[in-house]
$ cat data_39.cif   # mmCIF, C-alpha atoms
data_input
#
loop_
_atom_site.label_atom_id
_atom_site.label_comp_id
_atom_site.auth_asym_id
_atom_site.auth_seq_id
_atom_site.Cartn_x
_atom_site.Cartn_y
_atom_site.Cartn_z
CA MET A 18 6.85 21.76 -14.51
CA SER A 19 9.98 23.56 -13.46
CA GLU A 20 11.71 22.28 -10.38
CA ILE A 21 12.03 24.52 -7.36
CA LYS A 22 15.65 24.69 -6.29
CA LYS A 23 15.67 27.90 -4.26
CA TRP A 24 14.10 28.63 -0.91
CA ASN A 25 13.47 32.11 0.48
CA THR A 26 11.19 33.95 2.86
CA LYS A 27 8.49 34.19 0.18
CA SER A 28 8.34 30.45 -0.40
CA SER A 29 4.87 29.03 0.12
CA LYS A 30 3.47 25.83 1.51
CA LYS A 31 2.86 24.75 -2.08
CA ASP A 32 6.57 25.17 -2.85
CA PHE A 33 7.36 23.19 0.27
CA GLU A 34 5.04 20.40 -0.77
CA SER A 35 6.41 20.20 -4.28
CA ILE A 36 9.99 20.01 -2.99
CA PHE A 37 8.88 17.38 -0.51
CA HIS A 38 7.30 15.13 -3.14
CA ARG A 39 10.24 15.54 -5.50
CA ILE A 40 13.00 14.70 -3.07
CA TYR A 41 11.52 12.78 -0.12
CA SER A 42 12.06 9.24 -1.45
CA PRO A 43 15.68 9.67 -2.64
CA LEU A 44 16.52 11.48 0.61
CA CYS A 45 15.21 8.51 2.56
CA GLY A 46 17.24 6.20 0.31
CA TYR A 47 20.29 8.27 1.12
CA ALA A 48 19.65 8.28 4.88
CA LEU A 49 19.02 4.53 4.72
CA LYS A 50 22.56 3.97 3.42
CA ILE A 51 23.95 5.71 6.49
CA LEU A 52 21.50 4.53 9.13
CA LYS A 53 20.67 1.02 7.82
CA SER A 54 17.13 1.39 9.12
CA SER A 55 14.15 2.47 7.00
CA GLU A 56 12.25 3.73 10.03
CA GLN A 57 15.09 5.89 11.27
CA ALA A 58 15.73 7.12 7.74
CA GLU A 59 12.15 8.34 7.35
CA GLU A 60 12.23 9.91 10.80
CA VAL A 61 15.38 11.86 10.03
CA VAL A 62 14.10 13.11 6.67
CA GLN A 63 10.78 14.20 8.16
CA GLU A 64 12.56 15.99 10.99
CA VAL A 65 14.72 17.84 8.49
CA PHE A 66 11.66 18.95 6.52
CA LEU A 67 9.88 20.08 9.67
CA LYS A 68 12.96 22.08 10.65
CA LEU A 69 12.92 23.76 7.24
CA TRP A 70 9.26 24.63 7.71
CA GLU A 71 9.83 25.90 11.24
CA GLN A 72 12.53 28.30 10.04
CA LYS A 73 10.85 29.13 6.76
CA ASN A 74 10.70 32.88 7.43
CA ARG A 75 14.37 33.13 8.21
CA LEU A 76 15.98 30.95 5.57
CA GLU A 77 17.45 31.98 2.23
CA ILE A 78 18.75 28.91 0.48
CA GLU A 79 20.34 28.98 -2.95
CA ASN A 80 20.28 25.23 -3.52
CA ILE A 81 17.63 23.46 -1.52
CA ASP A 82 18.77 19.96 -2.59
CA SER A 83 22.23 20.52 -1.29
CA TYR A 84 20.86 21.98 1.95
CA LEU A 85 18.56 19.00 2.51
CA TYR A 86 21.16 16.32 1.74
CA ARG A 87 23.67 18.08 3.98
CA SER A 88 21.09 18.33 6.82
CA VAL A 89 20.15 14.67 6.48
CA TYR A 90 23.83 13.73 6.52
CA ASN A 91 24.52 15.72 9.69
CA LYS A 92 21.43 14.54 11.48
CA SER A 93 22.14 10.92 10.54
CA LEU A 94 25.71 11.15 11.84
CA HIS A 95 24.31 12.55 15.05
CA ILE A 96 22.00 9.57 15.38
CA ILE A 97 24.80 7.12 14.62
CA ALA A 98 26.85 8.67 17.38
CA HIS A 99 23.88 8.17 19.62
CA ASN A 100 23.27 4.59 18.48
CA LYS A 101 26.93 3.75 18.74
CA VAL A 102 26.68 3.10 22.42
CA VAL A 103 23.93 0.56 22.08
CA GLN A 104 24.50 -0.99 18.69
CA LYS A 105 27.29 -3.34 17.92
CA TYR A 106 27.43 -2.85 14.19
CA ALA A 107 28.10 0.82 14.64
CA ASP A 108 31.65 -0.09 15.65
CA SER A 109 32.65 0.01 12.04
CA TYR A 110 31.64 3.66 11.88
CA ILE A 111 33.72 4.92 14.78
CA GLY A 112 36.22 7.41 13.46
CA ASN A 113 35.52 6.26 9.95
CA ASN A 114 33.14 8.60 8.19
CA ASP A 115 34.97 8.14 4.88
CA SER A 116 32.92 5.11 3.91
CA LEU A 117 29.61 6.97 4.30
CA PRO A 118 28.01 8.45 1.19
CA THR A 119 28.61 12.20 1.08
CA PRO A 120 25.73 14.64 0.50
CA GLU A 121 27.13 15.30 -2.98
CA GLU A 122 26.91 11.61 -3.84
CA GLY A 123 23.40 11.62 -2.45
CA ILE A 124 22.37 14.44 -4.78
CA ILE A 125 23.69 12.56 -7.80
CA VAL A 126 21.73 9.43 -6.89
CA GLY A 127 18.66 11.63 -6.30
CA GLU A 128 18.97 13.08 -9.78
CA MET A 129 19.38 9.62 -11.24
CA TYR A 130 16.24 8.59 -9.40
CA ALA A 131 14.27 11.42 -11.03
CA VAL A 132 15.42 10.24 -14.48
CA TYR A 133 14.60 6.66 -13.52
CA ARG A 134 11.02 7.56 -12.49
CA GLU A 135 10.56 9.47 -15.72
CA GLN A 136 11.74 6.52 -17.81
CA LEU A 137 9.53 4.22 -15.78
CA LYS A 138 6.47 6.31 -16.58
CA LYS A 139 7.31 6.20 -20.28
CA LEU A 140 7.36 2.38 -20.38
CA PRO A 141 4.19 0.68 -21.66
CA GLU A 142 1.97 -0.25 -18.73
CA LYS A 143 2.47 -3.98 -19.16
CA THR A 144 6.25 -3.72 -19.35
CA ARG A 145 6.33 -1.40 -16.33
CA ASN A 146 4.23 -3.74 -14.22
CA ILE A 147 6.33 -6.76 -15.11
CA PHE A 148 9.50 -4.81 -14.37
CA LEU A 149 8.23 -3.57 -10.99
CA LEU A 150 6.94 -7.00 -9.99
CA SER A 151 10.38 -8.40 -10.65
CA ARG A 152 12.43 -5.55 -9.20
CA ASN A 153 10.33 -4.06 -6.40
CA GLN A 154 8.35 -7.14 -5.38
CA GLY A 155 11.14 -9.62 -5.97
CA LEU A 156 8.95 -12.11 -7.84
CA LYS A 157 10.41 -14.83 -10.06
CA TYR A 158 9.62 -14.78 -13.80
CA SER A 159 7.45 -17.87 -13.42
CA GLU A 160 5.51 -16.24 -10.58
CA ILE A 161 4.92 -13.09 -12.63
CA ALA A 162 3.77 -15.18 -15.58
CA GLU A 163 1.24 -16.97 -13.40
CA LYS A 164 0.02 -13.79 -11.71
CA LEU A 165 -0.57 -11.98 -14.99
CA ASN A 166 -1.68 -15.06 -16.92
CA ILE A 167 1.02 -14.69 -19.58
CA SER A 168 3.89 -16.90 -20.70
CA VAL A 169 7.35 -16.82 -19.14
CA LYS A 170 8.66 -15.90 -22.59
CA THR A 171 6.52 -12.75 -22.58
CA VAL A 172 7.86 -11.85 -19.12
CA GLU A 173 11.42 -12.30 -20.35
CA ALA A 174 10.79 -10.25 -23.47
CA ASN A 175 9.30 -7.38 -21.46
CA MET A 176 12.08 -7.53 -18.89
CA SER A 177 14.79 -7.29 -21.50
CA LYS A 178 12.89 -4.42 -23.13
CA ALA A 179 12.80 -2.55 -19.81
CA LEU A 180 16.43 -3.35 -18.99
CA LYS A 181 17.49 -2.08 -22.41
CA VAL A 182 15.79 1.26 -21.75
CA PHE A 183 17.47 1.59 -18.37
CA ARG A 184 20.85 0.54 -19.70
CA GLU A 185 20.65 3.29 -22.31
CA CYS A 186 19.47 5.85 -19.79
CA PHE A 187 22.19 4.87 -17.34
CA ASN A 188 24.86 5.03 -20.05
CA TYR A 189 23.63 8.50 -20.85
CA ILE A 190 23.74 9.73 -17.26
CA LYS A 191 27.18 8.26 -16.74
CA MET B 5 29.13 0.63 -21.94
CA ILE B 6 28.05 -0.15 -18.43
CA LYS B 7 28.34 -3.65 -17.09
CA ASP B 8 25.28 -5.72 -16.21
CA ILE B 9 26.36 -5.88 -12.60
CA GLU B 10 26.47 -2.08 -12.40
CA LEU B 11 23.04 -1.81 -13.97
CA ASP B 12 21.77 -4.34 -11.46
CA GLY B 13 23.18 -2.35 -8.57
CA PHE B 14 21.74 0.86 -9.95
CA LEU B 15 18.30 -0.67 -10.34
CA ASP B 16 18.47 -2.17 -6.85
CA GLU B 17 19.19 1.25 -5.45
CA MET B 18 16.27 2.73 -7.37
CA SER B 19 13.84 0.10 -6.09
CA GLN B 20 15.16 0.71 -2.57
CA ILE B 21 14.25 4.39 -2.95
CA ASP B 22 10.86 3.47 -4.43
CA LYS B 23 9.86 1.91 -1.13
CA PHE B 24 9.58 5.33 0.49
CA SER B 25 6.27 7.00 -0.25
CA SER B 26 6.32 10.78 -0.06
CA LYS B 27 2.53 10.90 -0.18
CA ASN B 28 2.03 9.10 3.11
CA ALA B 29 4.94 10.88 4.73
CA PHE B 30 3.51 14.25 3.80
CA LYS B 31 0.20 13.34 5.39
CA SER B 32 2.01 12.48 8.59
CA ILE B 33 4.06 15.68 8.82
CA GLU B 34 1.29 18.00 7.64
CA GLY B 35 -0.38 17.84 11.03
CA ARG B 36 2.86 18.80 12.73
CA MET B 37 3.48 21.71 10.36
CA TYR B 38 0.62 23.81 11.73
CA GLN B 39 2.36 24.43 15.04
CA PHE B 40 4.81 26.67 13.17
CA GLU B 41 2.18 28.80 11.42
CA GLN B 42 2.31 32.42 12.53
CA PRO B 43 -0.88 34.07 13.76
CA VAL B 44 -1.85 36.65 11.16
CA VAL B 45 -5.10 37.83 12.68
CA ARG B 46 -4.94 40.86 14.98
CA LYS B 47 -6.28 40.49 18.48
CA ILE B 48 -9.47 42.55 18.23
CA ILE B 49 -10.62 40.85 15.07
CA TYR B 50 -9.56 37.61 16.65
CA ILE B 51 -11.91 38.02 19.59
CA GLY B 52 -14.67 39.04 17.21
CA ILE B 53 -14.43 35.95 15.16
CA THR B 54 -13.89 33.58 18.05
CA ALA B 55 -17.63 33.07 18.48
CA LEU B 56 -18.07 32.40 14.78
CA THR B 57 -15.15 30.02 14.73
CA GLY B 58 -16.70 28.18 17.64
CA VAL B 59 -19.87 27.53 15.70
CA ALA B 60 -17.93 26.61 12.59
CA ALA B 61 -15.71 24.28 14.59
CA MET B 62 -18.75 22.54 16.00
CA LEU B 63 -20.15 22.09 12.49
CA VAL B 64 -16.84 20.81 11.20
CA PHE B 65 -16.63 18.51 14.17
CA TRP B 66 -20.13 17.18 13.57
CA PHE B 67 -19.46 16.51 9.90
CA SER B 68 -16.10 14.95 10.51
CA VAL B 69 -17.32 12.64 13.25
CA PHE B 70 -16.61 9.15 12.09
CA ASN B 71 -18.95 6.24 12.33
CA THR B 72 -17.11 3.00 12.84
CA ILE B 73 -18.42 -0.47 12.12
CA THR B 74 -16.36 -3.48 13.09
CA ASN B 75 -17.15 -7.14 12.56
CA ASN B 76 -15.74 -9.21 15.39
CA SER B 77 -17.81 -12.31 14.76
CA SER B 78 -16.81 -14.96 12.24
CA GLU B 79 -20.15 -14.56 10.45
CA PRO B 80 -20.21 -11.96 7.66
CA LEU B 81 -21.90 -8.73 8.72
CA LEU B 82 -24.33 -7.01 6.34
CA PHE B 83 -24.61 -3.28 6.71
CA GLN B 84 -26.36 -0.48 4.86
CA LEU B 85 -24.68 2.89 4.35
CA PRO B 86 -26.65 6.18 4.42
CA ASP B 87 -26.64 6.40 0.59
CA GLY B 88 -28.30 3.00 0.23
CA SER B 89 -25.12 1.10 -0.69
CA THR B 90 -24.67 -2.19 1.10
CA VAL B 91 -21.49 -3.64 2.56
CA VAL B 92 -20.74 -7.12 3.80
CA LEU B 93 -17.81 -7.13 6.23
CA ASN B 94 -15.65 -10.22 6.68
CA LYS B 95 -14.32 -11.16 10.12
CA GLY B 96 -12.05 -8.50 11.57
CA ALA B 97 -12.97 -5.90 8.92
CA LYS B 98 -13.49 -2.30 9.94
CA LEU B 99 -15.25 0.52 8.10
CA GLU B 100 -15.20 4.23 8.91
CA TYR B 101 -17.21 7.02 7.31
CA GLY B 102 -18.17 10.60 8.12
CA ASN B 103 -21.60 11.95 9.06
CA ASN B 104 -21.65 13.83 5.76
CA PHE B 105 -21.42 10.56 3.85
CA ASN B 106 -24.31 11.39 1.52
CA LYS B 107 -22.40 14.45 0.31
CA ASN B 108 -18.95 12.92 0.35
CA ARG B 109 -19.03 9.21 -0.30
CA THR B 110 -15.58 8.45 1.11
CA LEU B 111 -14.77 5.71 3.56
CA GLU B 112 -11.82 3.95 5.13
CA LEU B 113 -11.54 0.18 5.10
CA THR B 114 -9.30 -2.28 6.89
CA GLY B 115 -9.65 -5.99 6.21
CA GLU B 116 -11.98 -7.47 3.61
CA ALA B 117 -15.42 -6.36 2.48
CA TYR B 118 -17.87 -6.79 -0.37
CA PHE B 119 -19.61 -3.67 -1.68
CA ASN B 120 -22.77 -3.13 -3.65
CA VAL B 121 -22.67 0.55 -4.44
CA ALA B 122 -25.79 2.63 -5.06
CA LYS B 123 -25.52 4.28 -8.46
CA ASN B 124 -24.80 8.01 -8.41
CA GLU B 125 -22.68 9.17 -11.34
CA SER B 126 -22.18 12.67 -9.96
CA ASN B 127 -20.93 11.52 -6.57
CA PRO B 128 -18.10 8.98 -6.77
CA PHE B 129 -17.76 6.36 -4.07
CA VAL B 130 -14.16 6.25 -2.80
CA ILE B 131 -12.63 3.63 -0.52
CA ASN B 132 -9.30 4.42 1.09
CA VAL B 133 -7.56 1.18 1.89
CA GLY B 134 -3.96 1.19 3.08
CA THR B 135 -2.09 3.46 0.72
CA SER B 136 -4.40 2.57 -2.18
CA LYS B 137 -7.71 3.94 -3.32
CA VAL B 138 -10.71 2.33 -4.99
CA LYS B 139 -13.03 4.64 -6.93
CA VAL B 140 -16.47 3.58 -8.10
CA LEU B 141 -19.54 4.95 -9.80
CA GLY B 142 -22.04 2.17 -9.09
CA THR B 143 -21.22 -1.50 -9.03
CA SER B 144 -20.46 -4.49 -6.82
CA PHE B 145 -16.97 -5.61 -5.94
CA ASN B 146 -14.77 -7.10 -3.23
CA VAL B 147 -11.81 -5.43 -1.49
CA ARG B 148 -9.24 -7.39 0.48
CA HIS B 149 -6.43 -5.61 2.34
CA ASN B 150 -3.41 -7.22 3.92
CA LYS B 151 -2.40 -4.84 6.68
CA LYS B 152 1.10 -6.23 7.04
CA SER B 153 2.17 -6.01 3.40
CA ASP B 154 -0.27 -3.20 2.44
CA ASP B 155 -1.34 -5.36 -0.52
CA VAL B 156 -4.83 -4.66 -1.82
CA GLU B 157 -6.81 -7.12 -3.93
CA VAL B 158 -9.98 -6.02 -5.69
CA TYR B 159 -12.45 -8.33 -7.42
CA VAL B 160 -15.16 -6.71 -9.53
CA LYS B 161 -18.45 -8.55 -9.86
CA SER B 162 -20.25 -5.98 -11.98
CA GLY B 163 -19.61 -2.45 -13.26
CA LEU B 164 -16.33 -0.56 -13.45
CA VAL B 165 -13.82 0.20 -10.68
CA LEU B 166 -10.72 2.36 -10.64
CA LEU B 167 -7.86 1.13 -8.44
CA GLU B 168 -5.17 3.68 -7.65
CA ASN B 169 -1.93 3.38 -5.65
CA SER B 170 -0.05 6.08 -3.76
CA ASN B 171 2.01 7.00 -6.86
CA ASN B 172 -1.25 7.99 -8.59
CA GLU B 173 -0.87 5.06 -10.96
CA SER B 174 -4.19 3.40 -11.64
CA ILE B 175 -5.98 0.67 -13.57
CA LYS B 176 -9.59 0.25 -14.61
CA LEU B 177 -11.14 -3.05 -13.66
CA SER B 178 -14.29 -4.36 -15.32
CA ALA B 179 -16.61 -7.20 -14.37
CA SER B 180 -14.97 -10.46 -13.23
CA GLU B 181 -11.47 -8.92 -13.20
CA TYR B 182 -9.06 -8.94 -10.28
CA GLY B 183 -6.74 -6.03 -9.49
CA PHE B 184 -3.73 -5.85 -7.22
CA SER B 185 -2.15 -2.75 -5.73
CA ASN B 186 0.31 -1.63 -3.07
CA ARG B 187 2.85 1.15 -2.53
CA SER B 188 4.72 0.54 -5.76
CA VAL B 189 2.59 -1.41 -8.24
CA VAL B 190 -0.91 -1.69 -9.59
CA TYR B 191 -1.97 -4.31 -12.15
CA THR B 192 -4.68 -6.75 -13.16
CA GLU B 193 -4.23 -10.13 -11.65
CA ASN B 194 -5.22 -13.65 -12.56
CA ILE B 195 -6.77 -15.51 -9.66
CA ASN B 196 -8.05 -19.02 -10.22
CA ASP B 197 -10.11 -19.54 -7.11
CA LYS B 198 -13.73 -20.35 -7.80
CA ASN B 199 -14.44 -19.90 -4.08
CA TYR B 200 -12.91 -16.40 -3.83
CA MET B 201 -16.28 -14.89 -2.90
CA ALA B 202 -17.45 -17.79 -0.75
CA TRP B 203 -16.86 -15.87 2.49
CA GLN B 204 -19.73 -13.61 1.45
CA SER B 205 -21.99 -15.89 -0.62
CA ARG B 206 -21.63 -18.87 1.77
CA LYS B 207 -21.59 -21.05 -1.31
CA LEU B 208 -18.67 -23.45 -1.66
CA VAL B 209 -18.11 -25.25 -4.93
CA PHE B 210 -15.68 -28.15 -5.31
CA ILE B 211 -15.08 -29.88 -8.60
CA ASN B 212 -12.70 -32.80 -8.30
CA ASP B 213 -10.62 -30.77 -5.83
CA ASP B 214 -8.20 -32.33 -3.36
CA LEU B 215 -8.94 -32.31 0.35
CA ASP B 216 -6.04 -29.94 0.97
CA TYR B 217 -7.74 -27.18 -1.08
CA VAL B 218 -11.17 -28.04 0.35
CA VAL B 219 -9.91 -27.71 3.92
CA LYS B 220 -8.05 -24.46 3.21
CA THR B 221 -11.17 -22.97 1.64
CA ILE B 222 -13.37 -23.94 4.61
CA GLU B 223 -10.79 -22.49 7.01
CA LYS B 224 -10.83 -19.17 5.16
CA VAL B 225 -14.61 -18.97 4.87
CA TYR B 226 -15.49 -20.12 8.37
CA HIS B 227 -12.40 -18.79 10.20
CA CYS B 228 -11.60 -22.08 11.87
CA ASN B 229 -8.69 -24.53 11.96
CA ILE B 230 -8.87 -27.91 10.28
CA ASN B 231 -6.00 -30.37 10.52
CA LEU B 232 -5.33 -33.50 8.53
CA HIS B 233 -3.94 -36.15 10.83
CA ASP B 234 -2.66 -38.36 8.02
CA SER B 235 -0.93 -36.50 5.22
CA SER B 236 -1.91 -39.21 2.73
CA ILE B 237 -5.56 -38.10 2.89
CA SER B 238 -4.76 -34.59 1.67
CA SER B 239 -4.86 -35.76 -1.96
CA LEU B 240 -8.31 -37.38 -1.74
CA ARG B 241 -10.64 -35.76 -4.26
CA ILE B 242 -14.14 -34.45 -3.84
CA SER B 243 -16.89 -32.90 -6.01
CA THR B 244 -19.76 -31.22 -4.23
CA THR B 245 -21.52 -27.94 -3.45
CA PHE B 246 -22.30 -26.57 0.00
CA PHE B 247 -24.75 -23.74 0.35
CA ASN B 248 -25.46 -21.89 3.58
CA LEU B 249 -24.41 -24.79 5.78
CA SER B 250 -22.73 -24.56 9.17
CA GLU B 251 -19.10 -25.60 9.36
CA GLN B 252 -20.10 -28.62 11.43
CA ASP B 253 -22.52 -29.87 8.75
CA ILE B 254 -19.83 -29.45 6.10
CA ILE B 255 -17.23 -31.32 8.14
CA GLU B 256 -19.66 -34.19 8.75
CA SER B 257 -20.63 -34.35 5.10
CA ILE B 258 -16.99 -34.51 3.99
CA GLY B 259 -16.27 -37.19 6.58
CA LEU B 260 -19.13 -39.32 5.26
CA THR B 261 -18.23 -38.82 1.60
CA LEU B 262 -14.56 -39.66 1.98
CA ASN B 263 -15.08 -42.23 4.75
CA LEU B 264 -12.89 -40.32 7.23
CA LYS B 265 -13.06 -39.95 10.97
CA HIS B 266 -13.53 -36.38 12.25
CA GLU B 267 -13.13 -34.97 15.72
CA LYS B 268 -13.75 -31.58 17.26
CA THR B 269 -10.73 -29.93 18.93
CA ASP B 270 -10.39 -26.76 20.99
CA ASP B 271 -9.89 -24.53 17.99
CA GLY B 272 -11.36 -26.57 15.12
CA TYR B 273 -11.47 -30.06 13.65
CA VAL B 274 -9.20 -32.97 12.78
CA PHE B 275 -9.69 -35.48 9.98
CA SER B 276 -8.04 -38.87 10.15
CA MET B 277 -8.31 -42.30 8.50
CA LYS B 278 -10.89 -44.68 9.90
#

$ encode --input "data_39.cif" --output "structure tokens"
Amino acid sequence: MSEIKKWNTKSSKKDFESIFHRIYSPLCGYALKILKSSEQAEEVVQEVFLKLWEQKNRLEIENIDSYLYRSVYNKSLHIIAHNKVVQKYADSYIGNNDSLPTPEEGIIVGEMYAVYREQLKKLPEKTRNIFLLSRNQGLKYSEIAEKLNISVKTVEANMSKALKVFRECFNYIK
Amino acid sequence: MIKDIELDGFLDEMSQIDKFSSKNAFKSIEGRMYQFEQPVVRKIIYIGITALTGVAAMLVFWFSVFNTITNNSSEPLLFQLPDGSTVVLNKGAKLEYGNNFNKNRTLELTGEAYFNVAKNESNPFVINVGTSKVKVLGTSFNVRHNKKSDDVEVYVKSGLVLLENSNNESIKLSASEYGFSNRSVVYTENINDKNYMAWQSRKLVFINDDLDYVVKTIEKVYHCNINLHDSSISSLRISTTFFNLSEQDIIESIGLTLNLKHEKTDDGYVFSMK
């Protein structure tokens, strides 16, 4: 499946949906780094997508990824400015946008995420589950072993197998 | 070569991103997208088809009307669906299905329920639960959903069940297997609780189990609170079977067997040493 990177007046709802599913999660991850709130991150990303849909008949975009990351960045900054008044931690942001991840950095992480998901799918089911239980669910090796009725040794072996794959893939991207 | 600490940071970032599900998000914005659709139908045709649309809308409305069954009592509730399948709802469980259920065997579940699905190979039985999906052809199984964590646990008593999460990853579960699913994982699980289905069967089996486990099981099955006044009694062991008894009978029986004093409180019972 070829990725859709352009947007023009002929773009369909199907194109919209495929872009959405490809980039929604990494965009939220990016907004989260700026906003420090998952809820606000999802809100911003959804607003940006709705805006794109609203203006779909007027927009000609050469690189949709760059447009979306830039929009999320701007909208997030806007929200920070708004939050600033009420939230203490925002103090560190005042006049200091240098420390925030730029849209370009966001795109790179998003591309890495696509490679990561692809690698994840290629892992054997057992290895993938063990890896996700450890990484995404934060379970200890002993807890995983008990849950899946396998030995801790097997968990370790599968984890190092998965980590090896990701180390290689990360080396390659770098 | 990259350093382990970099790899760790990279993987942390990836799992952070994994927490956002585009599938659910799309559902939530799809409804809001229609307001920006441009009317393509010209006015005259529009008026002409208004009457037709009205009828169609009424039909659509009728078929999409949802029946809702909720169990607010602490007794399990047995219910029969239009296709002949039976459901037992645990306390607090809620089931929703459309009026066209015989054509489209899809339903929404919150909480825990036990299903015995009428066999119909050509019409799959689908349960939407949280962000996960359980697909069946004809079998009996238990679904337990934790609303807070969106964790779904499925126990299959007979037949074959497909459990799918929002990433379209799925596993097949056969008889006496447990499956676990949420936003990011789906796998077969090992659960060693012989009383897992007791909430529905009303049969409690204890084989040299300590009072702590016994009490926790009764609390789960009967939705009550039981406290142990002296912590030393929590390791007392008991072997027995209770079938279709009231919680009061069970409490009395345990008290007699272990020679403990039991009292009724506002929200349950207390065991203490005599």

$ interface_residues --input "data_39.cif" --of "chain A" --to "chain B" --cutoff "9 Å" --atoms "all atoms listed in the file" --output "tab-separated table (two decimals) with C-alpha atoms, in the coordinates of the input"
chain	number	residue	atom	x	y	z
A	34	GLU	CA	5.04	20.40	-0.77
A	37	PHE	CA	8.88	17.38	-0.51
A	38	HIS	CA	7.30	15.13	-3.14
A	39	ARG	CA	10.24	15.54	-5.50
A	40	ILE	CA	13.00	14.70	-3.07
A	41	TYR	CA	11.52	12.78	-0.12
A	42	SER	CA	12.06	9.24	-1.45
A	43	PRO	CA	15.68	9.67	-2.64
A	44	LEU	CA	16.52	11.48	0.61
A	45	CYS	CA	15.21	8.51	2.56
A	46	GLY	CA	17.24	6.20	0.31
A	47	TYR	CA	20.29	8.27	1.12
A	55	SER	CA	14.15	2.47	7.00
A	59	GLU	CA	12.15	8.34	7.35
A	63	GLN	CA	10.78	14.20	8.16
A	64	GLU	CA	12.56	15.99	10.99
A	66	PHE	CA	11.66	18.95	6.52
A	67	LEU	CA	9.88	20.08	9.67
A	70	TRP	CA	9.26	24.63	7.71
A	71	GLU	CA	9.83	25.90	11.24
A	72	GLN	CA	12.53	28.30	10.04
A	126	VAL	CA	21.73	9.43	-6.89
A	129	MET	CA	19.38	9.62	-11.24
A	130	TYR	CA	16.24	8.59	-9.40
A	133	TYR	CA	14.60	6.66	-13.52
A	134	ARG	CA	11.02	7.56	-12.49
A	142	GLU	CA	1.97	-0.25	-18.73
A	143	LYS	CA	2.47	-3.98	-19.16
A	145	ARG	CA	6.33	-1.40	-16.33
A	146	ASN	CA	4.23	-3.74	-14.22
A	149	LEU	CA	8.23	-3.57	-10.99
A	150	LEU	CA	6.94	-7.00	-9.99
A	152	ARG	CA	12.43	-5.55	-9.20
A	153	ASN	CA	10.33	-4.06	-6.40
A	154	GLN	CA	8.35	-7.14	-5.38
A	163	GLU	CA	1.24	-16.97	-13.40
A	164	LYS	CA	0.02	-13.79	-11.71
A	165	LEU	CA	-0.57	-11.98	-14.99
A	166	ASN	CA	-1.68	-15.06	-16.92
A	180	LEU	CA	16.43	-3.35	-18.99
A	183	PHE	CA	17.47	1.59	-18.37
A	184	ARG	CA	20.85	0.54	-19.70
A	185	GLU	CA	20.65	3.29	-22.31
A	187	PHE	CA	22.19	4.87	-17.34
A	188	ASN	CA	24.86	5.03	-20.05
A	191	LYS	CA	27.18	8.26	-16.74

$ resolve_selection --input "data_39.cif" --expression "the PyMOL selection byres ((chain B and resi 201) around 12)" --output "PyMOL selection string"
chain B and resi 80+92+94+116-119+144-148+158-161+180+182+195-200+202-209+221+224-225

$ residues_around --input "data_39.cif" --residues "region 93-96 of chain A" --least-positions-apart "5" --cutoff "10 Å" --atoms "all atoms listed in the file" --output "JSON, numbers by chain"
{"A": [47, 48, 49, 50, 51, 52, 57, 58, 60, 61, 62, 87, 88, 101, 110, 114, 117]}

$ write_last_selection --input "data_39.cif" --atoms "C-alpha atoms" --output "mmCIF file, in the frame of the given file"
data_model
loop_
_atom_site.group_PDB
_atom_site.id
_atom_site.type_symbol
_atom_site.label_atom_id
_atom_site.label_comp_id
_atom_site.auth_asym_id
_atom_site.auth_seq_id
_atom_site.Cartn_x
_atom_site.Cartn_y
_atom_site.Cartn_z
ATOM 1 C CA TYR A 47 20.290 8.270 1.120
ATOM 2 C CA ALA A 48 19.650 8.280 4.880
ATOM 3 C CA LEU A 49 19.020 4.530 4.720
ATOM 4 C CA LYS A 50 22.560 3.970 3.420
ATOM 5 C CA ILE A 51 23.950 5.710 6.490
ATOM 6 C CA LEU A 52 21.500 4.530 9.130
ATOM 7 C CA GLN A 57 15.090 5.890 11.270
ATOM 8 C CA ALA A 58 15.730 7.120 7.740
ATOM 9 C CA GLU A 60 12.230 9.910 10.800
ATOM 10 C CA VAL A 61 15.380 11.860 10.030
ATOM 11 C CA VAL A 62 14.100 13.110 6.670
ATOM 12 C CA ARG A 87 23.670 18.080 3.980
ATOM 13 C CA SER A 88 21.090 18.330 6.820
ATOM 14 C CA LYS A 101 26.930 3.750 18.740
ATOM 15 C CA TYR A 110 31.640 3.660 11.880
ATOM 16 C CA ASN A 114 33.140 8.600 8.190
ATOM 17 C CA LEU A 117 29.610 6.970 4.300
#

$ residues_around --input "data_39.cif" --residues "Ile78 (chain A)" --least-positions-apart "4" --cutoff "12 Å" --atoms "all atoms listed in the file" --output "NGL selection string"
:A and (21-28 or 69 or 72-74 or 82-85)

$ closest_residue --input "data_39.cif" --among "B:Leu166, B:Phe247, B:Asn186, B:Lys278" --to "Leu260 (chain B)" --atoms "all atoms listed in the file"
B:Lys278

$ residues_near_point --input "data_39.cif" --point "(-15.1, -4.9, 8.6)" --cutoff "12 Å" --atoms "only C-alpha atoms" --output "number ranges by chain"
B: 72-83, 91-100, 111-119, 133, 147-149

$ atom_distance --input "data_39.cif" --atom1 "CA of Ser136 (chain B)" --atom2 "CA of Ser170 (chain B)"
5.8 Å

$ atom_distance --input "data_39.cif" --atom1 "CA of Asp271 (chain B)" --atom2 "CA of Asp213 (chain B)"
24.6 Å

$ decode --input "data_39.cif" --residues "region 101-108 of chain B" --atoms "C-alpha atoms" --output "CSV table (one decimal), in the first residue's frame"
chain,number,residue,atom,x,y,z
B,101,TYR,CA,-28.6,-4.8,20.7
B,102,GLY,CA,-30.6,-3.6,17.8
B,103,ASN,CA,-34.1,-4.5,16.7
B,104,ASN,CA,-32.6,-6.2,13.6
B,105,PHE,CA,-30.6,-8.6,15.8
B,106,ASN,CA,-31.7,-11.7,14.0
B,107,LYS,CA,-30.1,-10.3,10.8
B,108,ASN,CA,-27.1,-8.7,12.4
